[in-house]
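Asker: Provided below: model-v4.cif, containing mmCIF, C-alpha atoms and all ligand atoms.
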data_data
#
loop_
_atom_site.label_atom_id
_atom_site.label_comp_id
_atom_site.auth_asym_id
_atom_site.auth_seq_id
_atom_site.Cartn_x
_atom_site.Cartn_y
_atom_site.Cartn_z
CA MET B 1 -0.76 27.05 7.04
CA LYS B 2 0.87 23.78 8.19
CA ILE B 3 -0.86 20.51 7.31
CA PHE B 4 0.15 17.14 8.70
CA VAL B 5 -0.78 14.14 6.51
CA ILE B 6 -1.02 10.67 8.03
CA ASN B 7 -1.42 7.34 6.25
CA CYS B 8 -1.87 4.47 8.69
CA GLY B 9 -1.43 0.94 7.33
CA SER B 10 -1.84 -2.25 9.34
CA SER B 11 1.69 -2.04 10.80
CA SER B 12 2.99 1.33 9.59
CA ILE B 13 2.37 5.06 9.68
CA LYS B 14 3.59 7.20 6.77
CA TYR B 15 3.54 10.95 7.34
CA GLN B 16 4.35 14.26 5.68
CA LEU B 17 4.24 17.77 7.06
CA PHE B 18 3.43 20.43 4.45
CA ASP B 19 3.82 24.17 4.49
CA MET B 20 0.85 25.08 2.32
CA THR B 21 2.10 28.58 1.52
CA ASP B 22 4.28 26.95 -1.16
CA GLU B 23 3.20 23.29 -0.77
CA SER B 24 6.72 22.40 0.35
CA VAL B 25 7.38 19.29 2.43
CA LEU B 26 8.94 20.28 5.76
CA ALA B 27 9.43 16.70 6.95
CA LYS B 28 8.35 13.22 6.05
CA GLY B 29 8.89 9.70 7.23
CA ILE B 30 7.56 6.32 8.22
CA VAL B 31 7.21 4.23 11.35
CA GLU B 32 7.26 0.54 10.43
CA ARG B 33 6.60 -2.77 12.18
CA ILE B 34 4.18 -1.29 14.70
CA GLY B 35 2.88 -3.93 17.08
CA GLY B 36 5.41 -6.60 16.08
CA GLY B 37 9.08 -7.13 15.34
CA GLU B 38 11.35 -4.19 15.98
CA PRO B 39 9.59 -0.93 15.19
CA ASN B 40 11.70 1.44 13.16
CA LEU B 41 11.42 5.16 12.40
CA GLU B 42 12.77 6.82 9.27
CA HIS B 43 12.48 10.60 9.34
CA ALA B 44 13.64 13.06 6.68
CA THR B 45 13.93 16.83 6.75
CA GLY B 46 15.43 18.50 3.71
CA GLU B 47 18.53 16.55 2.73
CA ARG B 48 18.89 14.81 6.09
CA THR B 49 17.44 11.36 6.86
CA VAL B 50 17.70 9.61 10.21
CA GLU B 51 16.74 6.07 11.12
CA ARG B 52 16.28 4.66 14.58
CA GLN B 53 14.77 1.74 16.46
CA VAL B 54 11.77 2.88 18.48
CA ASP B 55 9.47 1.46 21.11
CA VAL B 56 5.96 1.78 19.72
CA ALA B 57 3.15 -0.56 20.74
CA ASP B 58 0.27 0.80 18.65
CA HIS B 59 -0.77 3.51 16.18
CA ALA B 60 -1.59 6.06 18.89
CA ALA B 61 1.90 5.66 20.34
CA GLY B 62 3.31 5.89 16.82
CA VAL B 63 1.57 9.22 16.21
CA ARG B 64 2.86 10.57 19.54
CA LEU B 65 6.39 9.50 18.66
CA ILE B 66 6.19 11.21 15.24
CA LEU B 67 4.97 14.42 16.89
CA ASP B 68 7.85 14.25 19.39
CA VAL B 69 10.29 13.96 16.49
CA LEU B 70 8.61 16.82 14.58
CA CYS B 71 9.02 19.00 17.70
CA ASP B 72 12.49 17.70 18.60
CA ALA B 73 15.11 20.42 19.14
CA GLU B 74 17.58 18.71 16.79
CA LEU B 75 15.49 16.72 14.26
CA GLY B 76 12.28 18.73 14.37
CA VAL B 77 10.73 21.46 12.26
CA LEU B 78 8.06 22.64 14.72
CA LYS B 79 8.25 24.45 18.06
CA SER B 80 5.06 22.76 19.20
CA VAL B 81 2.15 20.73 17.80
CA ASP B 82 0.03 23.88 18.11
CA GLU B 83 1.64 25.05 14.86
CA ILE B 84 -0.28 22.31 13.00
CA ASP B 85 -3.46 23.83 11.52
CA GLY B 86 -4.94 20.70 10.03
CA VAL B 87 -4.42 16.95 9.94
CA GLY B 88 -5.32 14.99 6.80
CA HIS B 89 -5.97 11.30 7.24
CA ARG B 90 -5.95 8.81 4.41
CA VAL B 91 -8.94 6.50 4.84
CA VAL B 92 -9.44 3.58 2.48
CA HIS B 93 -13.15 2.85 2.57
CA GLY B 94 -16.02 5.33 2.83
CA GLY B 95 -18.64 2.93 1.45
CA GLU B 96 -21.44 4.20 -0.74
CA THR B 97 -22.27 7.38 1.11
CA VAL B 98 -19.01 9.32 1.26
CA THR B 99 -18.39 11.17 -1.99
CA ALA B 100 -15.81 13.75 -0.88
CA SER B 101 -13.26 14.57 1.80
CA ARG B 102 -14.89 15.53 5.10
CA ARG B 103 -14.12 17.05 8.50
CA ILE B 104 -13.94 14.21 11.00
CA ASP B 105 -16.62 14.01 13.66
CA GLU B 106 -18.14 11.11 15.57
CA ALA B 107 -20.66 10.45 12.78
CA LEU B 108 -17.87 10.12 10.20
CA CYS B 109 -15.93 7.79 12.53
CA ASP B 110 -19.10 5.67 12.65
CA VAL B 111 -19.17 5.53 8.86
CA ILE B 112 -15.53 4.38 8.81
CA ARG B 113 -16.39 1.79 11.47
CA GLN B 114 -19.45 0.55 9.56
CA ASN B 115 -17.29 -0.03 6.51
CA ILE B 116 -14.76 -2.24 8.32
CA PRO B 117 -16.31 -5.41 6.82
CA LEU B 118 -15.51 -4.01 3.36
CA ALA B 119 -11.91 -3.05 4.25
CA PRO B 120 -10.96 -5.22 7.23
CA LEU B 121 -7.21 -4.66 6.80
CA HIS B 122 -7.35 -0.92 6.25
CA ASN B 123 -10.20 0.87 8.03
CA PRO B 124 -9.23 -0.35 11.55
CA PRO B 125 -5.67 1.09 11.41
CA ASN B 126 -7.03 4.21 9.69
CA LEU B 127 -9.41 4.68 12.64
CA ALA B 128 -6.68 3.96 15.18
CA GLY B 129 -4.57 6.70 13.58
CA ILE B 130 -7.49 9.13 13.61
CA GLU B 131 -8.22 8.49 17.28
CA GLY B 132 -4.55 8.73 18.23
CA ALA B 133 -3.99 11.93 16.27
CA MET B 134 -7.20 13.60 17.47
CA ALA B 135 -6.10 13.01 21.05
CA ALA B 136 -2.53 14.18 20.45
CA ILE B 137 -3.33 17.18 18.19
CA SER B 138 -6.61 18.32 19.70
CA GLY B 139 -6.22 21.93 18.61
CA ALA B 140 -6.20 21.16 14.86
CA ALA B 141 -9.00 20.33 12.45
CA HIS B 142 -8.95 16.71 11.28
CA VAL B 143 -10.04 15.74 7.78
CA ALA B 144 -10.57 12.29 6.25
CA VAL B 145 -9.70 11.80 2.58
CA PHE B 146 -11.18 8.58 1.22
CA ASP B 147 -9.69 6.31 -1.44
CA THR B 148 -13.20 5.43 -2.56
CA ALA B 149 -14.61 8.99 -2.77
CA PHE B 150 -13.54 9.86 -6.34
CA LEU B 151 -15.15 6.63 -7.54
CA ALA B 152 -18.49 7.37 -5.86
CA THR B 153 -19.75 8.91 -9.12
CA LEU B 154 -19.73 5.59 -10.97
CA PRO B 155 -23.17 4.90 -12.47
CA PRO B 156 -25.04 1.71 -11.46
CA ALA B 157 -24.18 0.05 -14.79
CA ALA B 158 -20.52 0.38 -13.79
CA TYR B 159 -20.72 -0.41 -10.10
CA ARG B 160 -23.24 -3.25 -10.07
CA TYR B 161 -22.19 -6.83 -10.74
CA ALA B 162 -24.49 -9.04 -12.79
CA VAL B 163 -25.25 -11.25 -9.79
CA PRO B 164 -28.50 -11.73 -7.83
CA THR B 165 -29.82 -8.31 -6.75
CA GLU B 166 -29.95 -9.39 -3.09
CA TRP B 167 -26.17 -9.68 -3.06
CA TYR B 168 -26.16 -5.92 -3.55
CA THR B 169 -29.16 -4.91 -1.46
CA GLN B 170 -28.41 -7.20 1.49
CA HIS B 171 -24.65 -7.63 1.37
CA LYS B 172 -23.42 -4.45 -0.37
CA VAL B 173 -21.72 -6.46 -3.09
CA ARG B 174 -20.79 -3.80 -5.66
CA ARG B 175 -17.76 -2.10 -7.19
CA TYR B 176 -16.34 0.59 -4.89
CA GLY B 177 -12.92 1.19 -6.40
CA PHE B 178 -9.67 2.32 -4.78
CA HIS B 179 -6.70 4.64 -5.43
CA GLY B 180 -9.28 7.41 -5.91
CA THR B 181 -7.02 10.08 -4.44
CA SER B 182 -4.33 9.27 -7.00
CA HIS B 183 -6.78 9.18 -9.91
CA ARG B 184 -8.22 12.53 -8.82
CA TYR B 185 -4.78 14.11 -8.44
CA VAL B 186 -3.63 13.09 -11.93
CA THR B 187 -6.99 14.13 -13.38
CA LEU B 188 -6.50 17.66 -12.00
CA GLN B 189 -2.89 17.71 -13.18
CA ALA B 190 -3.82 16.43 -16.63
CA ALA B 191 -6.49 19.09 -17.05
CA ALA B 192 -3.95 21.78 -16.13
CA LEU B 193 -1.27 20.33 -18.45
CA LEU B 194 -3.73 20.00 -21.34
CA GLY B 195 -5.00 23.55 -20.80
CA LYS B 196 -8.58 22.44 -20.14
CA ARG B 197 -11.06 22.92 -17.33
CA VAL B 198 -11.44 19.79 -15.21
CA ASP B 199 -15.10 19.50 -16.14
CA GLU B 200 -14.25 19.29 -19.83
CA VAL B 201 -11.47 16.72 -19.70
CA ASN B 202 -11.94 13.06 -20.75
CA LEU B 203 -9.20 10.72 -19.58
CA ILE B 204 -8.20 7.15 -18.92
CA THR B 205 -6.02 7.28 -15.80
CA CYS B 206 -3.86 4.25 -14.97
CA HIS B 207 -2.29 3.92 -11.52
CA LEU B 208 0.41 1.29 -11.97
CA GLY B 209 2.25 0.62 -8.71
CA ASN B 210 2.29 -2.49 -6.56
CA GLY B 211 -1.48 -2.25 -6.73
CA CYS B 212 -2.81 -1.27 -10.17
CA SER B 213 -6.10 0.32 -11.17
CA MET B 214 -7.63 2.24 -14.04
CA THR B 215 -10.37 4.88 -14.15
CA ALA B 216 -12.41 6.19 -17.07
CA VAL B 217 -12.96 9.91 -16.43
CA ALA B 218 -15.69 11.72 -18.42
CA ALA B 219 -15.87 15.51 -18.02
CA GLY B 220 -13.66 15.23 -14.93
CA VAL B 221 -15.88 12.62 -13.27
CA ALA B 222 -15.12 8.90 -12.74
CA VAL B 223 -17.49 6.75 -14.81
CA ASP B 224 -15.77 3.36 -14.58
CA HIS B 225 -12.95 1.76 -12.66
CA SER B 226 -11.08 -1.53 -12.71
CA MET B 227 -10.82 -2.41 -9.01
CA GLY B 228 -13.98 -3.83 -7.58
CA MET B 229 -15.59 -4.64 -4.28
CA THR B 230 -12.00 -5.29 -3.18
CA PRO B 231 -8.66 -4.28 -4.73
CA LEU B 232 -8.30 -7.76 -6.25
CA GLU B 233 -10.21 -7.11 -9.47
CA GLY B 234 -8.91 -5.74 -12.73
CA LEU B 235 -5.32 -5.35 -13.82
CA VAL B 236 -2.43 -7.73 -13.18
CA MET B 237 -0.63 -6.42 -10.07
CA GLY B 238 2.53 -7.12 -8.08
CA THR B 239 1.05 -10.05 -6.18
CA ARG B 240 -2.67 -9.88 -7.08
CA SER B 241 -4.19 -11.76 -9.99
CA GLY B 242 -6.64 -9.10 -11.14
CA ASP B 243 -9.45 -10.57 -13.29
CA ILE B 244 -9.81 -14.32 -13.40
CA ASP B 245 -12.68 -16.64 -14.18
CA PRO B 246 -14.53 -16.82 -10.82
CA ALA B 247 -15.14 -20.53 -11.44
CA ILE B 248 -11.43 -21.11 -10.81
CA ILE B 249 -12.05 -20.50 -7.10
CA PRO B 250 -14.45 -23.43 -6.45
CA PHE B 251 -12.38 -25.52 -8.86
CA MET B 252 -9.22 -25.04 -6.78
CA VAL B 253 -11.22 -25.69 -3.59
CA SER B 254 -12.37 -28.97 -5.18
CA ARG B 255 -8.68 -29.73 -5.75
CA GLY B 256 -8.02 -29.54 -2.02
CA LEU B 257 -7.16 -25.91 -1.28
CA SER B 258 -9.06 -24.20 1.52
CA ILE B 259 -10.90 -20.99 0.71
CA GLU B 260 -8.27 -19.15 2.79
CA ASP B 261 -5.50 -20.76 0.68
CA VAL B 262 -7.18 -19.56 -2.51
CA GLU B 263 -7.73 -16.07 -1.14
CA ARG B 264 -4.11 -15.81 -0.04
CA ALA B 265 -2.85 -17.15 -3.37
CA LEU B 266 -4.91 -14.65 -5.38
CA ASN B 267 -3.89 -11.68 -3.22
CA LYS B 268 -0.32 -12.46 -2.23
CA GLU B 269 1.11 -15.15 -4.54
CA SER B 270 -0.27 -14.19 -7.95
CA GLY B 271 0.27 -11.34 -10.40
CA LEU B 272 3.84 -10.56 -11.45
CA LEU B 273 5.16 -12.72 -8.59
CA GLY B 274 2.99 -15.72 -9.37
CA VAL B 275 3.75 -15.80 -13.09
CA SER B 276 7.46 -14.95 -12.93
CA GLY B 277 8.33 -16.89 -9.79
CA ILE B 278 10.89 -14.13 -9.24
CA GLY B 279 9.14 -11.36 -7.36
CA ASN B 280 6.63 -8.53 -7.50
CA ASP B 281 9.09 -5.75 -8.33
CA MET B 282 8.91 -4.64 -11.96
CA ARG B 283 12.59 -3.63 -11.91
CA ASP B 284 13.64 -7.20 -11.10
CA LEU B 285 11.39 -8.60 -13.82
CA LEU B 286 12.70 -6.24 -16.47
CA ALA B 287 16.26 -7.16 -15.49
CA ALA B 288 15.46 -10.90 -15.59
CA ARG B 289 13.75 -10.51 -18.95
CA ALA B 290 16.82 -8.75 -20.30
CA ASP B 291 18.83 -11.79 -19.14
CA GLY B 292 16.54 -14.07 -21.16
CA ASP B 293 14.18 -15.28 -18.40
CA ALA B 294 11.05 -16.51 -20.22
CA LYS B 295 8.76 -16.45 -17.17
CA ALA B 296 9.67 -12.86 -16.38
CA ALA B 297 9.02 -11.94 -20.02
CA LEU B 298 5.60 -13.62 -19.87
CA ALA B 299 4.69 -11.81 -16.63
CA VAL B 300 5.62 -8.42 -18.13
CA ASP B 301 3.71 -9.24 -21.34
CA MET B 302 0.61 -10.22 -19.39
CA PHE B 303 0.85 -7.05 -17.30
CA CYS B 304 1.08 -4.76 -20.35
CA ARG B 305 -1.51 -6.66 -22.37
CA ARG B 306 -4.12 -6.35 -19.61
CA VAL B 307 -3.49 -2.61 -19.29
CA GLY B 308 -3.81 -2.14 -23.06
CA LYS B 309 -6.96 -4.25 -23.19
CA TYR B 310 -8.64 -2.21 -20.44
CA ILE B 311 -7.67 1.07 -22.10
CA GLY B 312 -9.24 -0.20 -25.32
CA ALA B 313 -12.44 -1.08 -23.46
CA TYR B 314 -12.56 2.25 -21.64
CA THR B 315 -12.30 4.25 -24.88
CA THR B 316 -15.80 2.96 -25.67
CA LEU B 317 -17.15 4.58 -22.50
CA LEU B 318 -15.95 8.11 -23.27
CA PRO B 319 -17.09 10.63 -25.88
CA SER B 320 -13.43 11.11 -26.81
CA VAL B 321 -10.11 10.64 -25.01
CA ASP B 322 -7.95 13.70 -24.38
CA ALA B 323 -5.21 11.53 -22.91
CA VAL B 324 -4.31 8.21 -21.38
CA VAL B 325 -2.41 8.99 -18.17
CA LEU B 326 0.14 6.57 -16.69
CA THR B 327 1.22 7.05 -13.07
CA GLY B 328 2.44 5.11 -9.98
CA GLY B 329 5.90 3.57 -9.56
CA ILE B 330 5.66 1.55 -12.79
CA GLY B 331 3.87 4.21 -14.84
CA GLU B 332 6.35 6.88 -13.76
CA ASN B 333 9.53 4.83 -14.13
CA ALA B 334 9.27 1.60 -16.14
CA LEU B 335 10.09 2.85 -19.65
CA PRO B 336 9.83 -0.54 -21.43
CA VAL B 337 6.39 -1.14 -19.90
CA ARG B 338 5.21 2.30 -21.05
CA GLU B 339 6.50 1.57 -24.54
CA ALA B 340 4.72 -1.80 -24.74
CA ILE B 341 1.43 -0.29 -23.55
CA CYS B 342 1.74 2.60 -25.99
CA ARG B 343 2.51 0.33 -28.93
CA GLN B 344 -0.52 -1.81 -28.09
CA LEU B 345 -2.64 1.32 -28.50
CA ALA B 346 -1.42 2.01 -32.06
CA SER B 347 -4.75 1.08 -33.66
CA LEU B 348 -6.46 3.63 -31.39
CA GLY B 349 -4.12 6.35 -32.63
CA ALA B 350 -1.22 6.38 -30.14
CA VAL B 351 2.10 7.08 -31.89
CA PHE B 352 4.95 6.14 -29.54
CA ASP B 353 7.90 8.56 -29.26
CA ALA B 354 11.01 6.96 -27.75
CA ASP B 355 12.78 10.27 -27.03
CA ARG B 356 9.77 11.56 -25.15
CA ASN B 357 9.58 8.31 -23.21
CA GLU B 358 13.16 8.92 -22.04
CA ALA B 359 12.47 12.59 -21.31
CA ALA B 360 9.42 11.86 -19.15
CA ALA B 361 11.33 9.67 -16.68
CA GLY B 362 9.96 10.51 -13.24
CA ARG B 363 8.34 13.72 -14.47
CA ALA B 364 5.28 14.80 -16.40
CA GLY B 365 5.20 14.74 -20.18
CA PRO B 366 3.69 13.03 -23.21
CA ILE B 367 5.30 9.87 -24.62
CA THR B 368 3.44 10.07 -27.92
CA ALA B 369 3.98 12.26 -30.96
CA ASP B 370 2.34 15.69 -31.16
CA GLY B 371 -1.03 15.67 -32.87
CA CYS B 372 -1.63 11.92 -32.65
CA ARG B 373 -5.20 10.73 -32.08
CA LEU B 374 -4.55 9.13 -28.67
CA PRO B 375 -1.99 11.03 -26.58
CA VAL B 376 -0.38 9.07 -23.73
CA TRP B 377 1.00 11.10 -20.82
CA ILE B 378 3.15 10.32 -17.82
CA ILE B 379 1.99 12.28 -14.76
CA PRO B 380 3.65 11.56 -11.38
CA THR B 381 1.04 11.12 -8.68
CA ASN B 382 1.13 12.75 -5.25
CA GLU B 383 -1.58 11.41 -2.98
CA GLU B 384 -0.15 13.12 0.11
CA LEU B 385 -0.32 16.53 -1.54
CA MET B 386 -3.90 15.86 -2.64
CA ILE B 387 -4.79 14.99 0.97
CA ALA B 388 -3.00 18.13 2.21
CA ARG B 389 -4.85 20.33 -0.31
CA ASP B 390 -8.24 18.88 0.65
CA THR B 391 -7.42 19.36 4.32
CA ALA B 392 -6.27 22.94 3.79
CA ASP B 393 -9.45 23.69 1.80
CA LEU B 394 -11.69 22.33 4.56
CA VAL B 395 -9.71 24.01 7.34
CA GLY B 396 -9.70 27.29 5.41
CA SER B 397 -13.46 27.17 4.85
CA ASP B 398 -14.19 27.27 8.61
P1 LIG X 401 2.86 1.28 -4.14
O1 LIG X 401 1.66 0.78 -4.86
O2 LIG X 401 3.35 0.36 -3.07
O3 LIG X 401 2.79 2.73 -3.74
P2 LIG X 401 4.71 2.21 -6.15
O4 LIG X 401 3.75 3.17 -6.77
O5 LIG X 401 5.89 2.76 -5.44
O6 LIG X 401 4.00 1.16 -5.22
O7 LIG X 401 5.22 1.25 -7.33
C1 LIG X 401 6.02 0.16 -7.08
C2 LIG X 401 6.37 -0.48 -8.42
O8 LIG X 401 7.07 0.49 -9.21
C3 LIG X 401 7.29 -1.69 -8.30
O9 LIG X 401 6.87 -2.72 -9.18
C4 LIG X 401 8.61 -1.13 -8.76
O10 LIG X 401 9.40 -2.12 -9.36
C5 LIG X 401 8.18 -0.15 -9.81
N1 LIG X 401 9.27 0.78 -10.10
C6 LIG X 401 9.77 1.75 -9.31
N2 LIG X 401 10.84 2.33 -9.90
C7 LIG X 401 11.03 1.69 -11.08
C8 LIG X 401 11.96 1.82 -12.16
N3 LIG X 401 12.94 2.72 -12.14
N4 LIG X 401 11.82 0.98 -13.22
C9 LIG X 401 10.86 0.06 -13.26
N5 LIG X 401 9.94 -0.10 -12.29
C10 LIG X 401 10.02 0.69 -11.21
#
Output the file's structure in the form of structure tokens.
Ligand code: ADP
Answerer:
Amino acid sequence: MKIFVINCGSSSIKYQLFDMTDESVLAKGIVERIGGGEPNLEHATGERTVERQVDVADHAAGVRLILDVLCDAELGVLKSVDEIDGVGHRVVHGGETVTASRRIDEALCDVIRQNIPLAPLHNPPNLAGIEGAMAAISGAAHVAVFDTAFLATLPPAAYRYAVPTEWYTQHKVRRYGFHGTSHRYVTLQAAALLGKRVDEVNLITCHLGNGCSMTAVAAGVAVDHSMGMTPLEGLVMGTRSGDIDPAIIPFMVSRGLSIEDVERALNKESGLLGVSGIGNDMRDLLAARADGDAKAALAVDMFCRRVGKYIGAYTTLLPSVDAVVLTGGIGENALPVREAICRQLASLGAVFDADRNEAAAGRAGPITADGCRLPVWIIPTNEELMIARDTADLVGSD
């Protein structure tokens, strides 16, 4: 079975084509700068990667171009699009009602449309990709996999904010959460690695990439999560502040910033970038810190401290913790960050193991000593594979 996975951002389309007989990736790539600048395609098959300037006006044209490349005599891996059995679409916001991946029909498109106010930057390009792909690959089943779905199990005490009830009932102000596909993938992987059934595993999963979020997982089910109504809440991120005192917002407006200025600052000019003044890339900050840069050191400290603090809080929500799981670009690769987080968890029973930290670079493994009370694991995430598996399951169940 061949499954095509599409992830449409505001100006890009990332894609992977899977052969589900062995879950191998036949081809993958990205079209960038759609609708502005000079659109660019990067396409990889096996060891070979090609890059070229392309003429793509919108997401539908981008999908058609990708399909042309996949079926190209020289660069392609398909004879025709008819070989594609299912298409998995990443969709950011399913609102309150969508709790699992679903076959796409007009009613589901309506749900995605209704949730545009909650994800104005993401749901519109997601929909554009769906419409473009459904037209271009009409013979395949199309499935939507929602970032919010894994977090739909949060209880009201976790998803409600302590604000006037009407904000929730009339304006849908509540925690939705994001990165759910990643948290679900590492939850399934962790259960397998720990030799437990998913419904008996208790975890704290930390997705630490450019965006960062944490989920408390009780018996395989999400019971709390750090991102909120939007992805701004919670951990310190590349350019997002995470938690701040909400009173800072009107205070800065009273100092002359517009509400748009404040929103942009909190989303795009804060986090690692805002504190370090260097950038949002953890590699650059670790290098600057090693060169004695005090602001970079502070930014890294604040990042790790917030993660450790949240893990501490989440331990109180679970009957026990089988493992803390670190994933995402930082979790999978930034060894000094992993060490700092682990050492902060010493009083909870994590015993850091430097050799294991080295060994688990870019691959799964514990970074704590055997038998310690709070094991910390590195588990690389794979959202595209999770989307492909869900799609294959729903196509196969026809
Ligand atoms: P996204 O959220 O955009 O998918 P990623 O999960 O790829 O992001 O994570 C990006 C982050 O991972 C960046 O801060 C980057 O610096 C960090 N990162 C990637 N590789 C390394 C590495 N070898 N060492 C330290 N940090 C790394």
Asker: If you count only C-alpha atoms and all ligand atoms, which residues end up within 7 Å of ligand LIG 401 (chain X), as number ranges by chain?
Answerer: B: 208-211, 238, 280-284, 328-330, 333-335
Asker: Would you write out those residues with C-alpha atoms, as a CSV table (one decimal), in the frame of the given file?
Answerer:
chain,number,residue,atom,x,y,z
B,208,LEU,CA,0.4,1.3,-12.0
B,209,GLY,CA,2.2,0.6,-8.7
B,210,ASN,CA,2.3,-2.5,-6.6
B,211,GLY,CA,-1.5,-2.2,-6.7
B,238,GLY,CA,2.5,-7.1,-8.1
B,280,ASN,CA,6.6,-8.5,-7.5
B,281,ASP,CA,9.1,-5.8,-8.3
B,282,MET,CA,8.9,-4.6,-12.0
B,283,ARG,CA,12.6,-3.6,-11.9
B,284,ASP,CA,13.6,-7.2,-11.1
B,328,GLY,CA,2.4,5.1,-10.0
B,329,GLY,CA,5.9,3.6,-9.6
B,330,ILE,CA,5.7,1.6,-12.8
B,333,ASN,CA,9.5,4.8,-14.1
B,334,ALA,CA,9.3,1.6,-16.1
B,335,LEU,CA,10.1,2.8,-19.6
Asker: Which polymer residues, protein or nucleic acid, are no farther than 12 Å from (-3.4, 13.0, 20.8), counting all atoms listed in the file, as a PDB file with C-alpha atoms, in the frame of the given file?
Answerer:
ATOM      1  CA  HIS B  59      -0.770   3.510  16.180  1.00  0.00           C
ATOM      2  CA  ALA B  60      -1.590   6.060  18.890  1.00  0.00           C
ATOM      3  CA  ALA B  61       1.900   5.660  20.340  1.00  0.00           C
ATOM      4  CA  GLY B  62       3.310   5.890  16.820  1.00  0.00           C
ATOM      5  CA  VAL B  63       1.570   9.220  16.210  1.00  0.00           C
ATOM      6  CA  ARG B  64       2.860  10.570  19.540  1.00  0.00           C
ATOM      7  CA  LEU B  65       6.390   9.500  18.660  1.00  0.00           C
ATOM      8  CA  ILE B  66       6.190  11.210  15.240  1.00  0.00           C
ATOM      9  CA  LEU B  67       4.970  14.420  16.890  1.00  0.00           C
ATOM     10  CA  ASP B  68       7.850  14.250  19.390  1.00  0.00           C
ATOM     11  CA  VAL B  81       2.150  20.730  17.800  1.00  0.00           C
ATOM     12  CA  ASP B  82       0.030  23.880  18.110  1.00  0.00           C
ATOM     13  CA  VAL B  87      -4.420  16.950   9.940  1.00  0.00           C
ATOM     14  CA  ALA B 128      -6.680   3.960  15.180  1.00  0.00           C
ATOM     15  CA  GLY B 129      -4.570   6.700  13.580  1.00  0.00           C
ATOM     16  CA  ILE B 130      -7.490   9.130  13.610  1.00  0.00           C
ATOM     17  CA  GLU B 131      -8.220   8.490  17.280  1.00  0.00           C
ATOM     18  CA  GLY B 132      -4.550   8.730  18.230  1.00  0.00           C
ATOM     19  CA  ALA B 133      -3.990  11.930  16.270  1.00  0.00           C
ATOM     20  CA  MET B 134      -7.200  13.600  17.470  1.00  0.00           C
ATOM     21  CA  ALA B 135      -6.100  13.010  21.050  1.00  0.00           C
ATOM     22  CA  ALA B 136      -2.530  14.180  20.450  1.00  0.00           C
ATOM     23  CA  ILE B 137      -3.330  17.180  18.190  1.00  0.00           C
ATOM     24  CA  SER B 138      -6.610  18.320  19.700  1.00  0.00           C
ATOM     25  CA  GLY B 139      -6.220  21.930  18.610  1.00  0.00           C
ATOM     26  CA  ALA B 140      -6.200  21.160  14.860  1.00  0.00           C
ATOM     27  CA  HIS B 142      -8.950  16.710  11.280  1.00  0.00           C
TER      28      HIS B 142
END
Asker: Between CA of Leu108 (chain B) and CA of Asp19 (chain B), what is the spacing in Å?
Answerer: 26.5 Å
Asker: Using CA of Arg160 (chain B) and CA of Val92 (chain B) as the two end points, give the distance in Å to one decimal.
Answerer: 19.9 Å
Asker: Show which residues sit within 9 Å of Gly331 (chain B), as a PyMOL selection string. Count only C-alpha atoms, and ignore same-chain residues fewer than 5 positions away.
Answerer: chain B and resi 206-209+325-326+337-338+362+378-380
Asker: Could you name the residues that touch Glu200 (chain B) at 9 Å or less, counting only C-alpha atoms, but leaving out those on the same chain fewer than 5 positions away, as a list in words?
Answerer: Ala191, Ala218, Ala219 and Gly220 of chain B
Asker: I'd like to know which of B:Cys109, B:Ile6, B:Ala162, B:Ala360 is closest to Phe18 (chain B), using all atoms listed in the file.
Answerer: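 Smallest distance to Phe18 (chain B) is found for B:Ile6.
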